[in-house]
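To be precise, the following lines are my_file36.cif, and they hold mmCIF, C-alpha atoms.
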```cif
data_start
loop_
_atom_site.label_atom_id
_atom_site.label_comp_id
_atom_site.auth_asym_id
_atom_site.auth_seq_id
_atom_site.Cartn_x
_atom_site.Cartn_y
_atom_site.Cartn_z
CA MET A 1 108.27 134.56 92.31
CA ASN A 2 107.12 133.68 88.80
CA GLU A 3 103.36 133.17 88.77
CA LYS A 4 103.75 130.28 86.33
CA GLU A 5 106.47 128.50 88.32
CA GLN A 6 105.37 125.08 89.56
CA ILE A 7 105.43 124.87 93.35
CA ILE A 8 104.99 121.53 95.13
CA PHE A 9 104.62 120.76 98.82
CA HIS A 10 105.59 117.42 100.33
CA ILE A 11 103.74 116.96 103.62
CA ASP A 12 105.04 114.27 105.96
CA VAL A 13 103.79 113.36 109.44
CA ASN A 14 106.58 113.43 112.01
CA SER A 15 107.06 109.86 113.26
CA ALA A 16 103.49 109.07 112.27
CA TYR A 17 102.79 105.88 114.20
CA LEU A 18 104.31 107.28 117.38
CA SER A 19 102.55 110.64 117.02
CA TRP A 20 99.17 109.09 116.32
CA THR A 21 99.54 106.63 119.20
CA ALA A 22 100.54 109.49 121.52
CA VAL A 23 97.46 111.50 120.54
CA LYS A 24 95.18 108.53 121.21
CA MET A 25 96.80 107.69 124.56
CA MET A 26 96.50 111.26 125.82
CA GLN A 27 92.89 111.44 124.69
CA GLU A 28 92.28 108.30 126.75
CA GLY A 29 93.85 109.89 129.84
CA TYR A 30 97.42 108.59 129.73
CA GLY A 31 99.52 110.91 131.85
CA ARG A 32 102.59 111.24 129.63
CA ASP A 33 103.30 112.22 126.04
CA ILE A 34 105.28 109.25 124.73
CA ARG A 35 106.87 111.54 122.15
CA GLN A 36 108.79 113.18 125.01
CA ILE A 37 110.29 109.98 126.49
CA PRO A 38 112.39 107.11 125.07
CA CYS A 39 109.62 105.14 123.38
CA ILE A 40 109.00 103.02 120.30
CA VAL A 41 105.97 101.64 118.50
CA GLY A 42 106.28 97.97 117.64
CA GLY A 43 107.47 94.68 119.04
CA ASP A 44 106.76 92.85 122.26
CA ARG A 45 108.82 93.48 125.41
CA LYS A 46 108.11 90.06 126.93
CA SER A 47 109.13 88.03 123.88
CA ARG A 48 111.65 90.66 122.68
CA HIS A 49 110.47 89.96 119.13
CA GLY A 50 109.47 92.35 116.36
CA ILE A 51 110.95 95.50 114.86
CA VAL A 52 110.88 99.21 115.61
CA LEU A 53 108.12 100.79 113.50
CA ALA A 54 108.55 104.30 114.93
CA LYS A 55 110.70 105.98 117.57
CA SER A 56 110.60 109.14 119.65
CA ILE A 57 113.35 111.76 119.45
CA PRO A 58 114.61 110.79 122.95
CA ALA A 59 114.81 107.17 121.76
CA LYS A 60 116.75 108.28 118.68
CA LYS A 61 119.38 109.80 120.99
CA TYR A 62 120.17 106.27 122.18
CA GLY A 63 120.97 105.27 118.61
CA ILE A 64 117.68 103.46 118.02
CA VAL A 65 116.69 103.39 114.37
CA THR A 66 113.46 102.53 112.59
CA GLY A 67 113.43 98.97 111.28
CA GLU A 68 115.91 97.47 113.72
CA PRO A 69 114.98 94.44 115.89
CA VAL A 70 113.38 95.29 119.22
CA VAL A 71 115.98 93.21 121.06
CA ASN A 72 118.71 95.56 119.76
CA ALA A 73 116.73 98.65 120.81
CA LEU A 74 116.33 97.28 124.33
CA ARG A 75 120.08 96.72 124.61
CA LYS A 76 120.65 100.38 123.72
CA CYS A 77 117.97 101.62 126.15
CA PRO A 78 116.86 99.09 128.82
CA HIS A 79 114.17 101.44 130.17
CA LEU A 80 112.70 101.94 126.70
CA GLU A 81 108.90 102.15 126.68
CA MET A 82 107.13 100.07 124.02
CA VAL A 83 103.59 100.39 122.71
CA PRO A 84 101.86 98.15 120.16
CA PRO A 85 100.76 99.52 116.78
CA GLU A 86 97.07 100.19 116.08
CA HIS A 87 96.77 100.15 112.31
CA HIS A 88 93.03 100.78 112.12
CA TYR A 89 93.48 103.93 114.17
CA TYR A 90 96.37 105.03 111.94
CA GLU A 91 94.13 104.69 108.89
CA LYS A 92 91.54 106.87 110.63
CA MET A 93 94.10 109.56 111.44
CA SER A 94 95.47 109.43 107.89
CA HIS A 95 91.96 109.99 106.53
CA GLU A 96 91.42 112.97 108.86
CA LEU A 97 94.72 114.49 107.76
CA MET A 98 93.92 114.17 104.07
CA GLU A 99 90.45 115.62 104.61
CA LEU A 100 91.96 118.64 106.38
CA LEU A 101 94.49 119.16 103.57
CA ARG A 102 91.77 118.90 100.93
CA SER A 103 89.94 121.72 102.70
CA TYR A 104 92.76 123.89 101.29
CA THR A 105 92.91 122.35 97.82
CA PRO A 106 91.75 119.14 96.13
CA ASP A 107 95.10 118.92 94.35
CA ILE A 108 96.54 116.25 96.64
CA GLU A 109 98.47 113.09 95.76
CA GLN A 110 98.61 110.72 98.70
CA VAL A 111 101.65 108.43 98.39
CA SER A 112 101.49 106.59 101.73
CA ILE A 113 99.50 106.54 104.93
CA ASP A 114 101.45 109.50 106.36
CA GLU A 115 102.66 111.58 103.40
CA CYS A 116 101.36 113.35 100.32
CA TYR A 117 102.21 115.92 97.68
CA MET A 118 100.20 119.12 97.26
CA ASP A 119 100.08 121.35 94.18
CA TYR A 120 100.34 124.92 95.45
CA SER A 121 98.98 126.46 92.23
CA GLY A 122 95.35 126.55 93.31
CA ILE A 123 95.98 128.44 96.55
CA ARG A 124 98.88 130.72 95.61
CA LYS A 125 96.61 133.81 95.53
CA LEU A 126 95.47 133.16 99.10
CA PHE A 127 98.93 133.53 100.62
CA ASP A 128 101.82 135.97 100.31
CA THR A 129 104.39 133.20 99.80
CA PRO A 130 104.56 129.40 99.61
CA GLU A 131 106.34 129.44 102.96
CA ALA A 132 103.44 131.35 104.53
CA ALA A 133 100.97 128.81 103.12
CA ALA A 134 103.01 125.87 104.38
CA ALA A 135 103.32 127.40 107.85
CA ALA A 136 99.55 127.98 108.01
CA ILE A 137 98.83 124.39 106.97
CA LYS A 138 101.40 122.98 109.39
CA ASN A 139 99.99 124.96 112.30
CA LYS A 140 96.40 124.00 111.42
CA VAL A 141 97.30 120.30 111.50
CA LYS A 142 98.90 120.69 114.91
CA GLU A 143 96.01 122.73 116.31
CA GLN A 144 93.17 120.62 114.92
CA LEU A 145 94.60 117.08 114.92
CA GLY A 146 97.19 117.23 117.71
CA PHE A 147 100.29 116.02 115.82
CA THR A 148 102.97 117.71 113.75
CA VAL A 149 104.09 117.55 110.14
CA ASN A 150 107.10 118.70 108.17
CA ILE A 151 106.49 120.42 104.84
CA GLY A 152 109.07 120.54 102.07
CA ILE A 153 108.68 123.10 99.30
CA SER A 154 110.24 122.90 95.84
CA ASP A 155 109.67 123.25 92.11
CA VAL A 156 110.07 119.47 91.64
CA LYS A 157 108.64 116.56 93.59
CA VAL A 158 111.85 114.78 94.55
CA LEU A 159 113.35 117.94 96.05
CA ALA A 160 110.14 118.67 97.98
CA LYS A 161 110.47 115.16 99.40
CA MET A 162 114.11 115.79 100.31
CA ALA A 163 113.25 119.12 101.94
CA SER A 164 110.61 117.57 104.18
CA ASP A 165 113.32 115.28 105.59
CA PHE A 166 115.48 118.18 106.76
CA GLU A 167 115.45 119.20 110.43
CA LYS A 168 112.42 117.87 112.34
CA PRO A 169 109.84 118.12 113.82
CA ASP A 170 107.20 120.73 112.95
CA LYS A 171 109.28 122.54 110.33
CA VAL A 172 108.94 124.08 106.86
CA HIS A 173 111.95 123.86 104.52
CA THR A 174 112.58 124.89 100.91
CA LEU A 175 114.80 123.11 98.39
CA TYR A 176 114.35 124.67 94.98
CA ARG A 177 116.56 123.55 92.09
CA ARG A 178 118.50 126.78 92.45
CA GLU A 179 119.28 125.82 96.07
CA ILE A 180 120.56 122.28 95.65
CA GLN A 181 124.28 123.13 95.55
CA LYS A 182 124.04 125.04 98.82
CA LYS A 183 121.52 122.89 100.70
CA MET A 184 121.85 119.36 99.30
CA TRP A 185 125.15 118.66 97.57
CA GLY A 186 127.09 118.65 100.83
CA LEU A 187 124.91 115.93 102.37
CA PRO A 188 126.02 112.27 102.54
CA VAL A 189 124.91 110.32 99.49
CA SER A 190 122.90 108.08 101.83
CA GLU A 191 120.55 111.03 102.40
CA LEU A 192 119.45 111.09 98.77
CA PHE A 193 115.94 109.79 98.09
CA MET A 194 116.02 106.24 96.67
CA ALA A 195 119.66 105.68 97.67
CA GLY A 196 119.38 102.39 99.56
CA LYS A 197 122.16 100.61 101.43
CA SER A 198 123.23 98.47 98.47
CA SER A 199 123.45 101.50 96.17
CA VAL A 200 125.30 103.55 98.79
CA ASP A 201 127.85 100.75 99.29
CA THR A 202 128.48 100.68 95.54
CA LEU A 203 128.84 104.46 95.39
CA HIS A 204 131.29 104.44 98.30
CA LYS A 205 133.42 101.87 96.45
CA LEU A 206 133.48 104.32 93.54
CA GLY A 207 134.70 107.08 95.86
CA ILE A 208 131.36 108.89 95.89
CA PHE A 209 130.41 110.02 99.39
CA THR A 210 128.34 113.19 98.96
CA ILE A 211 125.31 114.03 96.82
CA GLY A 212 127.39 116.69 95.09
CA GLN A 213 130.02 114.13 94.08
CA LEU A 214 127.24 111.92 92.71
CA ALA A 215 125.75 114.83 90.75
CA LYS A 216 129.13 115.52 89.08
CA SER A 217 129.94 111.86 88.34
CA PRO A 218 129.94 110.55 84.75
CA LEU A 219 126.52 109.05 84.04
CA ASN A 220 127.98 106.14 82.05
CA VAL A 221 130.07 105.07 85.06
CA LEU A 222 127.03 105.09 87.35
CA GLU A 223 124.96 103.12 84.85
CA SER A 224 127.70 100.53 84.41
CA HIS A 225 127.66 99.80 88.14
CA LEU A 226 124.03 100.49 89.10
CA LYS A 227 122.20 99.99 85.79
CA SER A 228 119.08 102.15 85.34
CA HIS A 229 119.00 102.95 89.06
CA GLY A 230 122.29 104.79 88.65
CA LYS A 231 120.65 107.17 86.19
CA ILE A 232 117.74 107.79 88.56
CA LEU A 233 120.10 108.65 91.43
CA TRP A 234 122.15 110.94 89.17
CA GLN A 235 118.99 112.75 88.04
CA TYR A 236 117.76 113.20 91.62
CA ALA A 237 121.18 114.48 92.72
CA ASN A 238 120.91 117.10 89.98
CA GLY A 239 117.30 118.00 90.85
CA ILE A 240 115.88 116.43 87.70
CA ASP A 241 112.33 115.12 88.10
CA ASP A 242 109.61 115.68 85.52
CA SER A 243 106.80 113.98 87.46
CA LEU A 244 103.74 116.05 88.37
CA VAL A 245 101.37 115.91 91.31
CA ASN A 246 98.80 113.26 90.37
CA THR A 247 95.56 114.67 91.70
CA VAL A 248 93.31 111.87 90.45
CA LYS A 249 91.25 110.56 93.33
CA GLU A 250 92.45 107.23 94.68
CA GLU A 251 89.23 105.41 93.95
CA SER A 252 89.50 106.37 90.28
CA LYS A 253 93.09 105.22 89.89
CA GLY A 254 92.61 101.50 89.96
CA VAL A 255 92.65 98.45 92.15
CA GLY A 256 95.57 97.28 94.25
CA ASN A 257 96.74 95.34 97.26
CA SER A 258 99.90 95.46 99.36
CA THR A 259 101.24 93.71 102.41
CA THR A 260 103.90 94.46 105.00
CA LEU A 261 105.90 91.29 105.55
CA SER A 262 106.38 89.89 109.05
CA ARG A 263 110.14 89.91 108.47
CA ASP A 264 112.65 91.08 105.88
CA VAL A 265 112.63 88.72 102.90
CA ASP A 266 115.24 88.19 100.19
CA ASP A 267 114.24 84.70 99.07
CA ILE A 268 112.89 85.00 95.52
CA ASP A 269 110.58 81.98 95.81
CA GLU A 270 108.97 83.37 98.95
CA ILE A 271 108.60 86.78 97.30
CA PHE A 272 106.94 85.18 94.27
CA LYS A 273 104.39 83.45 96.52
CA VAL A 274 103.49 86.79 98.10
CA LEU A 275 103.18 88.43 94.68
CA LEU A 276 100.98 85.54 93.49
CA ARG A 277 98.67 85.93 96.48
CA LEU A 278 98.44 89.71 95.95
CA SER A 279 97.85 89.27 92.20
CA GLU A 280 94.97 86.88 92.83
CA LYS A 281 93.40 89.30 95.31
CA VAL A 282 93.67 92.13 92.79
CA GLY A 283 92.22 89.93 90.02
CA GLY A 284 89.32 88.98 92.30
CA ARG A 285 88.58 92.61 93.12
CA LEU A 286 88.65 93.54 89.45
CA ARG A 287 86.21 90.76 88.57
CA SER A 288 83.98 91.73 91.50
CA GLY A 289 83.83 95.28 90.14
CA LYS A 290 83.32 94.01 86.57
CA GLN A 291 86.48 95.77 85.44
CA LYS A 292 89.74 94.92 83.70
CA ALA A 293 93.10 96.67 83.86
CA LYS A 294 95.53 97.69 81.17
CA THR A 295 98.22 99.09 83.48
CA ILE A 296 99.89 96.80 86.01
CA ALA A 297 102.52 97.79 88.58
CA VAL A 298 104.63 96.26 91.32
CA GLU A 299 105.70 98.18 94.44
CA ILE A 300 108.64 97.46 96.73
CA LYS A 301 109.60 98.92 100.09
CA TYR A 302 113.06 97.78 101.18
CA ASN A 303 114.21 97.15 104.76
CA ASP A 304 115.81 100.61 104.79
CA PHE A 305 112.31 102.01 104.01
CA THR A 306 113.18 103.28 100.54
CA LYS A 307 110.39 102.70 98.03
CA CYS A 308 110.29 102.06 94.30
CA SER A 309 107.82 100.82 91.72
CA ARG A 310 107.62 99.79 88.10
CA GLN A 311 104.63 99.54 85.80
CA THR A 312 103.73 98.58 82.27
CA THR A 313 100.68 98.96 80.05
CA VAL A 314 99.43 96.03 77.98
CA GLU A 315 97.12 96.35 75.00
CA ARG A 316 94.76 93.63 76.16
CA ALA A 317 93.10 94.43 79.49
CA THR A 318 92.96 91.65 82.07
CA ASP A 319 91.18 90.65 85.28
CA SER A 320 93.09 87.38 85.64
CA GLY A 321 95.23 86.96 88.74
CA THR A 322 97.44 84.55 86.79
CA GLU A 323 98.08 87.04 83.99
CA ILE A 324 98.66 89.86 86.45
CA TYR A 325 101.14 87.68 88.35
CA ASP A 326 103.04 86.77 85.19
CA ILE A 327 103.56 90.46 84.41
CA VAL A 328 104.27 91.47 88.00
CA ARG A 329 106.92 88.79 88.32
CA VAL A 330 108.86 90.16 85.36
CA LEU A 331 108.50 93.74 86.60
CA PHE A 332 109.75 92.72 90.03
CA GLN A 333 112.86 91.04 88.64
CA GLU A 334 113.64 94.11 86.55
CA LEU A 335 113.25 96.37 89.59
CA TRP A 336 114.62 94.41 92.56
CA ASN A 337 118.18 95.28 93.67
CA LYS A 338 118.53 92.11 95.84
CA THR A 339 118.09 94.11 99.08
CA PRO A 340 115.76 92.47 101.67
CA VAL A 341 112.15 93.49 101.13
CA ARG A 342 109.79 94.82 103.82
CA LEU A 343 106.61 95.50 101.77
CA LEU A 344 105.25 94.26 98.45
CA GLY A 345 102.36 95.66 96.45
CA VAL A 346 100.50 94.94 93.23
CA ARG A 347 98.56 97.78 91.62
CA THR A 348 96.42 98.16 88.52
CA ALA A 349 95.15 101.24 86.70
CA ASN A 350 93.80 102.33 83.33
CA LEU A 351 90.63 100.36 83.99
CA VAL A 352 87.99 99.45 81.42
CA GLU A 353 84.57 97.91 81.75
CA GLU A 354 84.47 94.12 81.72
CA GLY A 355 82.52 93.88 78.46
CA GLU A 356 84.46 96.46 76.49
CA PRO A 357 85.54 95.10 73.07
CA GLU A 358 89.24 94.30 72.83
CA GLN A 359 91.63 93.45 70.06
CA LEU A 360 94.44 90.95 70.53
CA SER A 361 97.79 92.39 69.48
CA ILE A 362 100.69 90.35 68.17
CA MET A 363 102.99 92.57 70.26
CA ASP A 364 100.90 91.78 73.33
CA ILE A 365 101.28 88.05 72.75
CA ASP A 366 105.05 88.25 72.39
CA ARG A 367 105.72 90.86 75.06
CA TRP A 368 105.96 88.54 78.05
CA LYS A 369 107.48 85.53 76.25
CA ASN A 370 110.90 86.37 77.58
CA GLU A 371 113.71 84.30 79.03
CA ASP A 372 112.06 84.21 82.45
CA TYR A 373 109.05 82.25 81.22
CA GLN A 374 110.95 80.11 78.73
CA SER A 375 113.51 79.06 81.34
CA SER A 376 110.87 78.31 83.96
CA LYS A 377 108.84 76.17 81.49
CA ILE A 378 105.59 77.79 82.62
CA GLN A 379 102.60 76.32 80.78
CA ARG A 380 99.52 78.55 80.98
CA PRO A 381 96.02 77.43 79.98
CA SER A 382 94.20 79.48 77.37
CA ARG A 383 92.67 82.78 78.42
CA GLU A 384 89.18 81.32 78.00
CA LYS A 385 90.00 78.39 80.29
CA MET A 386 91.49 80.74 82.88
CA LYS A 387 88.35 82.86 82.74
CA LYS A 388 86.12 79.84 83.38
CA LEU A 389 88.37 78.70 86.22
CA ASP A 390 88.32 82.17 87.82
CA GLU A 391 84.52 82.31 87.55
CA ALA A 392 84.20 78.87 89.19
CA LEU A 393 86.56 79.82 92.03
CA ASP A 394 84.79 83.15 92.57
CA ALA A 395 81.44 81.33 92.84
CA ILE A 396 82.82 78.85 95.39
CA LYS A 397 84.40 81.60 97.49
CA HIS A 398 81.22 83.69 97.36
CA LYS A 399 79.15 80.76 98.61
CA TYR A 400 81.47 79.12 101.13
CA GLY A 401 84.02 81.80 102.08
CA LYS A 402 87.19 83.19 100.56
CA ASP A 403 89.53 80.76 102.37
CA VAL A 404 87.76 77.55 101.37
CA VAL A 405 89.71 77.11 98.13
CA GLY A 406 93.02 78.34 96.79
CA ARG A 407 96.26 77.41 95.06
CA ALA A 408 98.08 74.44 96.55
CA SER A 409 101.33 76.40 96.80
CA LEU A 410 99.67 79.15 98.82
CA MET A 411 97.73 76.71 101.02
CA GLU A 412 101.01 74.95 101.79
CA ARG A 413 102.63 78.23 102.76
CA LYS A 414 99.76 79.03 105.09
CA LYS A 415 100.09 75.58 106.70
CA GLU A 416 103.84 76.09 107.22
CA ASN A 417 103.23 79.45 108.92
CA GLN A 418 100.78 77.87 111.36
CA GLU A 419 103.17 75.09 112.40
#
```
If you took the structure in this file and wrote it as structure tokens, what would it be?
Amino acid sequence: MNEKEQIIFHIDVNSAYLSWTAVKMMQEGYGRDIRQIPCIVGGDRKSRHGIVLAKSIPAKKYGIVTGEPVVNALRKCPHLEMVPPEHHYYEKMSHELMELLRSYTPDIEQVSIDECYMDYSGIRKLFDTPEAAAAAIKNKVKEQLGFTVNIGISDVKVLAKMASDFEKPDKVHTLYRREIQKKMWGLPVSELFMAGKSSVDTLHKLGIFTIGQLAKSPLNVLESHLKSHGKILWQYANGIDDSLVNTVKEESKGVGNSTTLSRDVDDIDEIFKVLLRLSEKVGGRLRSGKQKAKTIAVEIKYNDFTKCSRQTTVERATDSGTEIYDIVRVLFQELWNKTPVRLLGVRTANLVEEGEPEQLSIMDIDRWKNEDYQSSKIQRPSREKMKKLDEALDAIKHKYGKDVVGRASLMERKKENQE
């Protein structure tokens, strides 16, 4: 193998919530491994409400899928065992996993609570092959932490991600660009990363059923039906991905907030309220840290658990929740494919100190004066007035508590949820 060839691992915990819950239950003396019986994490058996957050392999054999309502899962398997999620414990296990992986190399990019990318470059001289390294890491996780991971190996990130989704659990798979015709092109197009239900339905209408057919399809046809997302899917089907493993530590990246919604949401007004609340939290955290952000991003996880994000960089850094929301709202509308949303996030990066001199750009003023704002007749106060308002609200919240004051629209939403 070429010494200069980029090698990337994608490390993914097998059914993370279920595995971590199983480890905890056995440590506490529970007599069975819930991974070996029909079991799910999530929902409430008595009320029959909630969704399946994770499932065991025996539960999967009954046709139970992640994200479906608990009431459906119980119809498929009446003797299904259900355990509640413990998110604080999951965060602890995620931290332990990342610490173990960083004992091999600091070149880690964590992308969710249960998955990350690893740049193999720094440890290639310690192992005979990438496969040997991945096997050693996989076995160490199982031995030391008590749960299993899959590791995908490739020369590009998206294919490493695809490889880690091959046969599970506790496996190592390769999917180099030279292997995609043999290992990936024959798979259903629904197996391609970022191919959500809406996109798959469109592709099926075009007569595209396999990843190979997608890879060979005319790009202009895909773009005419799926816009920019069609190009992304075409690139992924052909193993094209120029992104690198971002090894910057999380605390240096920026400030962000995300929330998993209590139900799937496709109502744009409700989504905007969530994005507004997240934007204000992010703005508050920036001001608390005496920082401003130049890069702003929105994150979406759909109800089929595919994820996507979009970001932009402005010339004038901001710590205003209102300004962040204005930008996030446009980014969301550019990104959203109308599929019901499960998670929303607002992130900032490219941070500068609060007092750093800044120059107002004409391009920056005009950038967000698009049809969205003109049609909605939004009237924003001046930046100086917004700054004074934010400072006053921060002082009130600091003295009397964060929930004592807030936007009327968000307070009304909270009231409705309590009724």
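With all atoms listed in the file as the atoms that count, the minimum distance from Ile151 in chain A to the choices A:Val23, A:Leu278, A:Val13, A:Ile324 is reached by A:Val13.
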So which residues get picked by the PyMOL selection byres ((chain A and resi 178) around 12) here, written as a PyMOL selection string?
chain A and resi 154-156+159+174-177+179-185+238-240
Protein and nucleic acid residues near (90.9, 97.4, 88.7) (cut-off 10 Å, only C-alpha atoms) as number ranges by chain
A: 251-256, 282-296, 317-319, 347-353
With the PyMOL selection byres ((chain A and resi 232) around 12) as the selection, what would be picked from this file? Answer as a PyMOL selection string, please.
chain A and resi 158+192-195+199+214-215+219+222-223+226-231+233-242+308
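For the atom pair formed by CA of Val341 in chain A and CA of Tyr89 in chain A, the distance is 25.1 Å, given to one decimal.
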Which centre and edge lengths in Å to one decimal define the box along x, y and z that fits every listed atom of range 255-263 of chain A plus 6 Å per side, as JSON?
```
{"center_x": 101.4, "center_y": 94.2, "center_z": 100.6, "size_x": 29.5, "size_y": 20.6, "size_z": 28.9}
```
Evaluate the PyMOL selection byres ((chain A and resi 276) around 12) and report residues as a PyMOL selection string
chain A and resi 257-258+269-275+277-283+298+320-329+332+344-346+406-410+413
